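Asker: Structure below; questions to follow.
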Amino acid sequence: MEELRNVVILSSVGLYLLVCIGVGLWALRRTKSTHDFFMAGRDLGIFVTGLAVFSSTLSGFGFVGGPGLVYRMGMSSIWMVVCSSIGFVLSFYLLGKRIRLMAELRDSVSLPDAVAARYRSESSRFLTAVAILLGVMGYLATQILAMATVLQDILRTSFGTISLEACVAISCAVLVFYCVTGGIIASVYTDVVQGLVMMVAAVLVLVAAVSAVDGGFAGMSRTILADDPEAMSPWGTLGIFGALSWYFVFALGGAGQPHVVTKMMMNRRVSDARHILPVSVGAYAVSAMLWISIGLAMRALVLQGAHETLPNADAAAPQFLQSYAHPILAGVVFAGLFAAIMSTADSFLNIGAAAAVHDIPRSFRGEPVANELLWARIATVIIAVVAALFALYSGENLVALLGAFGWGTFAAALVPTVAIGFNWKRATATAANVAIAASLLINFGTRLFGYSMPYGIDTGAVSLMVSLTLFFGISLMSKPPAIDEDVAAVMDM
Amino acid sequence: MKRLPFLLFVILLAMCGIVGWLAFQEPAFNQAGIAHPEHPAMALGADGEARHRDVLGVGFTFAVLIVVFFVGLLFFALNRRGETIPGKGTILFAAVLFLGAFVALFWTYSRFMEAPGAGGLFLGFPVPTAWMLYGVWGIPLLFILIYVARFNEWVFGAAEETEYAKLLERVRRARTGTQPSTLPPTQPSSPAATRPEQG
């Protein structure tokens with residue numbers, strides 16, 4: 001079986017890509033309007049929405065970067081996983097009902113649409129769309145780069161070294177195909193496939209990791225404790241404040257991720273939110289097992305001398321799969337890795353296209369562009385091409401800069417504006433605009449000038465704290481704003 | 001409910017204050033970890049007491065502020081018409097357990113820090129880490145149970161569903177022009193058409 005390892009991996013990834021193309025063709029027939037393209041006709045069921053919310057949240061970072069961080073820092077990065085329970089709770093309590101009500105009431109096809117309705121402000125719509133577009137370009141570029149790098153590694157054994165440009169072209173072609181043909185409908189239904197693949201992969205990896213180290217998790221703990229007790233303490237090597245700042249920004253920041261929040265506008269009935277929440281949390285918890293188990297297992301195996309030291313932390317997941325996973329499991333996990341990357345990337349393509357074609361023009365013209373569906377499809381291609389070129393030619397540092405910029409910026413810009421503002425009638429458009437501008441300035445500024453916070457505190461957490469403080473402070477000091485009667489009625493429910 | 005935004009604002013100011021205070025402290029050599037001497041891609045936390053002894057209390061305060069802020073946001077979300085918060089007692093009960101997990105985590109860590117590795121393992125992990133994994137991760141599931149079990153009473157009930165259906169109908173009629181309406185679904189309304197702030 002070992003000699004067939006690469007064939008099995010290639011077949012799994014190929015089969016997965018074919019399924020994505022099939023879903024795109026199927027969704028093409030169901031996409032007849034802009035409303036279908038951006039909002040899936042607001043007709044998604046509980047299971048589909050639940051898996052789409054979860055799989056959009058867990059990107060390729062969770063499958064490669066997550067285990068790498070555990071290998072490097074011990075338990076520190078587990079706070080990004082541990083926060084998921086309260087994070088989903090916050091997102092659904094704050095937005096599960098209100099964002100869905102608001103979207104239907106005002107027939108919104110994007111998050112900036114709903115923001116403009118809430119604040120009666122085109123400037124808020126514009127700033128929200130700009131923040132989304134900037135974050136999307138960074139996030140998308142990193143996802144494309146990750147996808148191409150993995151493909152290059154997989155193809156190397158069978159076909160020799162293939163250029164990164166060719167790998168970007170292959171992986172982007174599938175992504176763009178199903179996003180252009182089927183819009184968000186293709187995106188959410190591929191998310192279902194992707195979510196299921198991720199869950200199966202995570203469970204199988206958990207079993208493999210526990211079997212790879214004598215004594216399972218207890219054996220891993222003892223080995224790591226003997227080398228460095230702090231790495232196995234709840235704070236890991238990063239320390240209290242770094243870990244808690246991750247907990248804060250990743251828990252609350254979920255309510256500000258536009259690719260996730262937008263999915264909450266698409267379920268069929270408002271009351272479906274009640275069942276979507278446990279589906280999303282359960283699926284995330286299962287998939288997070290991969291993050292935890294590979295990282296701890298590889299750190300323990302290297303410390304025991306059973307595996308050679310890793311050249312870099314991100315090699316933890318690929319090397320574990322090569323050395324300790326059955327070829328079929330490796331195939332499923334590599335397909336799962338593609339699934340994790342693509343499920344996030346397709347969401348970004350869709351919300352980026354909405355920002356570019358629907359929201360930014362509308363904030364200036366006051367009306368949508370003619371033939372919006374055609375332009376949305378064209379914008380999807382253009383955004384993918386620009387992000388791919390950006391990933392290839394802007395230099396690794398700029399991509400990493402913008403990739404890291406994504407989550408923190410979305411959190412700091414949109415948690416006050418959307419998660420708080422949709423629940424608090426006192427919140428003003430000025431406060432929302434200042435919060436968005438502050439988040440862009442702080443996140444870009446600190447990363448551009450290489451400023452890091454003391455005690456390992458995450459810059460994104462600081463920008464979230466600052467933007468929230470400004471948002472509350474400015475709103476409390478301002479006169480209560482005027483709100484449209486129907487919007488006020490929804491906020492009272 | 002009227003005081004809740006002020007409370008949340010004060011909590012945020014306190015959190016910013018803690019971060020600002022930390023910026024002026026003399027950090028320990030291993031404040032955010034050091035490089036592993038043998039494995040270049042690994043970090044070490046090294047001496048936990050050296051880096052956490054002086055800031056453990058501040059760290060605990062920071063964690064409590066985060067928990068109180070999160071629970072405050074849940075109240076914010078459940079508020080109805082800026083006046084009532086249904087299920088306050090149940091949410092508070094779950095919140096106390098949630099806070100209790102952090103208290104247990106910090107308390108057991110303070111002992112772990114003084115005697116690294118002592119205390120054995122609980123379900124495969126050191127005791128403070130087990131509190132993090134099973135307590136801090138697990139206890140918020142209570143909030144999910146509450147959401148699922150009391151959705152109709154506390155989040156979106158039959159009465160609101162009917163009220164919303166009527167509102168939607170009025171808005172749609174206004175949009176298609178089949179009935180005169182004061183509602184402005186696509187254009188901003190006049191200030192007179194808006195309700196005063198209640199929150």
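By convention here, the chains of the structure tokens are called A, B, ... in the order presented, each chain's residues are numbered starting at 1, and ligands are numbered starting at 1 in the order presented.
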Output as a tab-separated table one row per residue of chain A within 7 Å of chain B: the closest atom pair and its distance in Å to one decimal place, counting only C-alpha atoms, sorted by chain and residue number ascending.
Answerer:
```
residue	atom	partner	partner_atom	distance
A:Tyr71	CA	B:Met42	CA	6.6
A:Arg72	CA	B:Met42	CA	4.2
A:Met73	CA	B:Ala43	CA	5.6
A:Val82	CA	B:Trp137	CA	4.7
A:Cys83	CA	B:Trp137	CA	6.5
A:Ser85	CA	B:Pro140	CA	5.8
A:Ile86	CA	B:Pro140	CA	5.4
A:Val89	CA	B:Ile144	CA	6.4
A:Leu90	CA	B:Leu74	CA	6.7
A:Tyr93	CA	B:Ala77	CA	5.7
A:Leu94	CA	B:Ala77	CA	4.9
A:Leu105	CA	B:Leu168	CA	6.1
A:Arg106	CA	B:Pro185	CA	6.2
A:Arg120	CA	B:Pro188	CA	6.1
A:Phe217	CA	B:Gly124	CA	5.1
A:Ala218	CA	B:Gly124	CA	4.0
A:Ser221	CA	B:Phe125	CA	6.0
A:Leu225	CA	B:Gly117	CA	6.4
A:Asp228	CA	B:Ala46	CA	6.3
A:Pro229	CA	B:Pro116	CA	5.9
A:Glu230	CA	B:Gly45	CA	4.9
A:Ala231	CA	B:Gly45	CA	5.7
A:Ser233	CA	B:Thr129	CA	5.6
A:Pro234	CA	B:Thr129	CA	4.5
A:Gly236	CA	B:Gly45	CA	6.6
A:Thr237	CA	B:Gly45	CA	3.8
A:Leu238	CA	B:Ala32	CA	4.3
A:Gly239	CA	B:Ala32	CA	5.5
A:Ile240	CA	B:Gly59	CA	6.4
A:Phe241	CA	B:Gly59	CA	6.6
A:Leu244	CA	B:Ala63	CA	6.9
A:Phe248	CA	B:Ile66	CA	6.8
A:Arg274	CA	B:Val148	CA	5.2
A:His275	CA	B:Val148	CA	6.7
A:Pro278	CA	B:Ile144	CA	6.8
A:Thr309	CA	B:His39	CA	6.1
A:Leu310	CA	B:Ala41	CA	6.5
A:Pro311	CA	B:Ala41	CA	6.4
A:Asn312	CA	B:Ala41	CA	5.1
A:Ala313	CA	B:Ala41	CA	5.4
A:Asn423	CA	B:Ala77	CA	6.1
A:Trp424	CA	B:Gly199	CA	6.6
A:Lys425	CA	B:Glu197	CA	6.0
A:Arg426	CA	B:Glu197	CA	6.1
A:Pro454	CA	B:Ala23	CA	5.9
A:Tyr455	CA	B:Ala32	CA	5.4
A:Gly456	CA	B:Ala32	CA	5.2
A:Met465	CA	B:Leu12	CA	6.5
A:Thr469	CA	B:Leu12	CA	5.8
A:Phe472	CA	B:Phe9	CA	5.9
A:Gly473	CA	B:Phe9	CA	6.8
A:Pro480	CA	B:Glu197	CA	6.0
A:Ala482	CA	B:Pro191	CA	5.7
A:Ile483	CA	B:Thr194	CA	5.4
A:Asp484	CA	B:Thr194	CA	5.4
A:Glu485	CA	B:Thr194	CA	4.9
A:Asp486	CA	B:Leu183	CA	6.5
A:Ala488	CA	B:Arg195	CA	6.9
A:Asp492	CA	B:Arg81	CA	4.3
A:Met493	CA	B:Arg80	CA	5.9
```
Asker: Would you output that residue set with C-alpha atoms, as a compact mmCIF listing (two decimals), in the first residue's frame?
Answerer:
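What follows is the written file part.txt:
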```txt
# COMPACT_ATOMS: atom_id res chain seq x y z
CA TYR A 71 4.28 22.15 17.83
CA ARG A 72 6.02 25.51 18.31
CA MET A 73 4.21 26.92 21.37
CA VAL A 82 -11.08 26.61 23.17
CA CYS A 83 -12.67 29.97 22.41
CA SER A 85 -17.68 27.39 22.09
CA ILE A 86 -18.22 30.85 23.56
CA VAL A 89 -22.47 31.41 21.29
CA LEU A 90 -21.67 35.12 21.03
CA TYR A 93 -26.88 35.29 20.42
CA LEU A 94 -25.86 38.64 18.94
CA LEU A 105 -36.69 43.00 5.90
CA ARG A 106 -34.45 45.11 3.66
CA ARG A 120 -29.00 55.08 7.43
CA PHE A 217 -2.46 12.12 25.28
CA ALA A 218 -1.08 11.23 28.73
CA SER A 221 1.80 15.31 28.18
CA LEU A 225 6.23 18.22 30.68
CA ASP A 228 9.32 22.20 29.47
CA PRO A 229 6.38 22.20 31.93
CA GLU A 230 5.25 25.65 30.78
CA ALA A 231 4.64 24.36 27.24
CA SER A 233 0.57 24.53 31.06
CA PRO A 234 -2.65 26.26 29.94
CA GLY A 236 1.90 27.35 26.64
CA THR A 237 5.17 29.05 25.86
CA LEU A 238 3.53 32.37 24.92
CA GLY A 239 2.34 33.19 28.43
CA ILE A 240 -0.87 34.43 30.07
CA PHE A 241 -1.50 37.63 28.16
CA LEU A 244 -5.86 35.42 26.76
CA PHE A 248 -10.59 37.43 23.34
CA ARG A 274 -31.74 27.54 17.12
CA HIS A 275 -30.49 24.33 15.49
CA PRO A 278 -25.21 23.26 17.80
CA THR A 309 13.54 17.72 14.42
CA LEU A 310 11.38 19.77 12.07
CA PRO A 311 12.89 22.50 9.86
CA ASN A 312 9.87 24.72 10.49
CA ALA A 313 6.72 24.41 12.57
CA ASN A 423 -28.37 45.17 19.12
CA TRP A 424 -28.04 48.72 20.42
CA LYS A 425 -30.17 51.55 19.10
CA ARG A 426 -27.95 54.15 20.71
CA PRO A 454 4.61 43.34 25.17
CA TYR A 455 3.89 39.96 26.81
CA GLY A 456 2.95 38.47 23.45
CA MET A 465 -10.44 46.60 22.34
CA THR A 469 -14.01 51.41 23.33
CA PHE A 472 -19.15 52.69 22.92
CA GLY A 473 -17.59 56.00 23.99
CA PRO A 480 -29.37 59.08 20.12
CA ALA A 482 -32.65 58.42 14.22
CA ILE A 483 -33.46 54.89 13.06
CA ASP A 484 -35.95 53.84 10.41
CA GLU A 485 -39.15 52.57 11.97
CA ASP A 486 -38.99 49.06 10.50
CA ALA A 488 -36.15 49.86 15.03
CA ASP A 492 -36.86 45.59 19.53
CA MET A 493 -37.66 41.92 18.88
```
Asker: I'd like the neighbourhood of stretch 108-119 of chain A as a PDB file with N, CA and C atoms, in the first residue's frame, where a residue qualifies if any of its atoms comes within 6 Å (using only C-alpha atoms), though same-chain residues fewer than 3 positions away should be ignored.
Answerer:
```
ATOM      1  N   PHE A  38     -25.604  35.953  -4.437  1.00  0.00           N
ATOM      2  CA  PHE A  38     -24.993  36.416  -3.185  1.00  0.00           C
ATOM      3  C   PHE A  38     -25.656  35.844  -1.932  1.00  0.00           C
ATOM      4  N   MET A  39     -26.940  35.479  -2.006  1.00  0.00           N
ATOM      5  CA  MET A  39     -27.675  35.100  -0.797  1.00  0.00           C
ATOM      6  C   MET A  39     -28.301  33.714  -0.863  1.00  0.00           C
ATOM      7  N   ALA A 103     -31.846  41.204   7.139  1.00  0.00           N
ATOM      8  CA  ALA A 103     -31.562  40.865   5.738  1.00  0.00           C
ATOM      9  C   ALA A 103     -32.857  40.664   4.961  1.00  0.00           C
ATOM     10  N   GLU A 122     -24.629  55.886   3.937  1.00  0.00           N
ATOM     11  CA  GLU A 122     -23.879  55.336   2.807  1.00  0.00           C
ATOM     12  C   GLU A 122     -22.378  55.314   3.104  1.00  0.00           C
ATOM     13  N   ARG A 125     -21.752  52.125   4.781  1.00  0.00           N
ATOM     14  CA  ARG A 125     -21.747  51.047   3.785  1.00  0.00           C
ATOM     15  C   ARG A 125     -20.388  51.006   3.074  1.00  0.00           C
ATOM     16  N   THR A 128     -17.493  49.828   5.366  1.00  0.00           N
ATOM     17  CA  THR A 128     -17.615  48.382   5.612  1.00  0.00           C
ATOM     18  C   THR A 128     -17.153  47.605   4.384  1.00  0.00           C
ATOM     19  N   ALA A 129     -17.591  48.053   3.203  1.00  0.00           N
ATOM     20  CA  ALA A 129     -17.209  47.361   1.963  1.00  0.00           C
ATOM     21  C   ALA A 129     -15.699  47.438   1.737  1.00  0.00           C
ATOM     22  N   ALA A 429     -23.804  56.150  13.491  1.00  0.00           N
ATOM     23  CA  ALA A 429     -23.023  55.909  12.268  1.00  0.00           C
ATOM     24  C   ALA A 429     -21.601  56.443  12.432  1.00  0.00           C
TER      25      ALA A 429
END
```
Asker: In Å, rounded to a single decimal, give me how far atom CA of A:Ala208 is from atom CA of A:Ser343.
Answerer: 24.8 Å
Asker: May I have all residues of chain B that DSSP, computed from the backbone, assigns to strand (DSSP E), given as a ChimeraX atom specification?
Answerer: /B:34-35,43-44,121-122,125-126
Asker: Would you list, as a PyMOL selection string, the residues of stretch 139-183 of chain B that end up in alpha helix (DSSP H) under DSSP run on this structure's backbone?
Answerer: chain B and resi 141-149+158-176
Asker: What's the 10 Å shell around A:Gln319, counting only C-alpha atoms, without same-chain residues fewer than 5 positions away, as a PyMOL selection string?
Answerer: chain A and resi 294+298+307+310+314+324-325
Asker: How many Å separate atom CA of A:Ala431 from atom CA of A:Thr409?
Answerer: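 Here the two named atoms are 16.2 Å from each other.
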Asker: For A:Ile99, which residue among A:Val261, A:Leu58, A:Met75, A:Ile9 is the nearest when counting only C-alpha atoms?
Answerer: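 Smallest distance to A:Ile99 is found for A:Val261.
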Asker: Of the residues A:Gly66, A:Gly24, A:Gly460, A:Gly50, which is the one nearest to A:Ala315, using only C-alpha atoms?
Answerer: A:Gly66
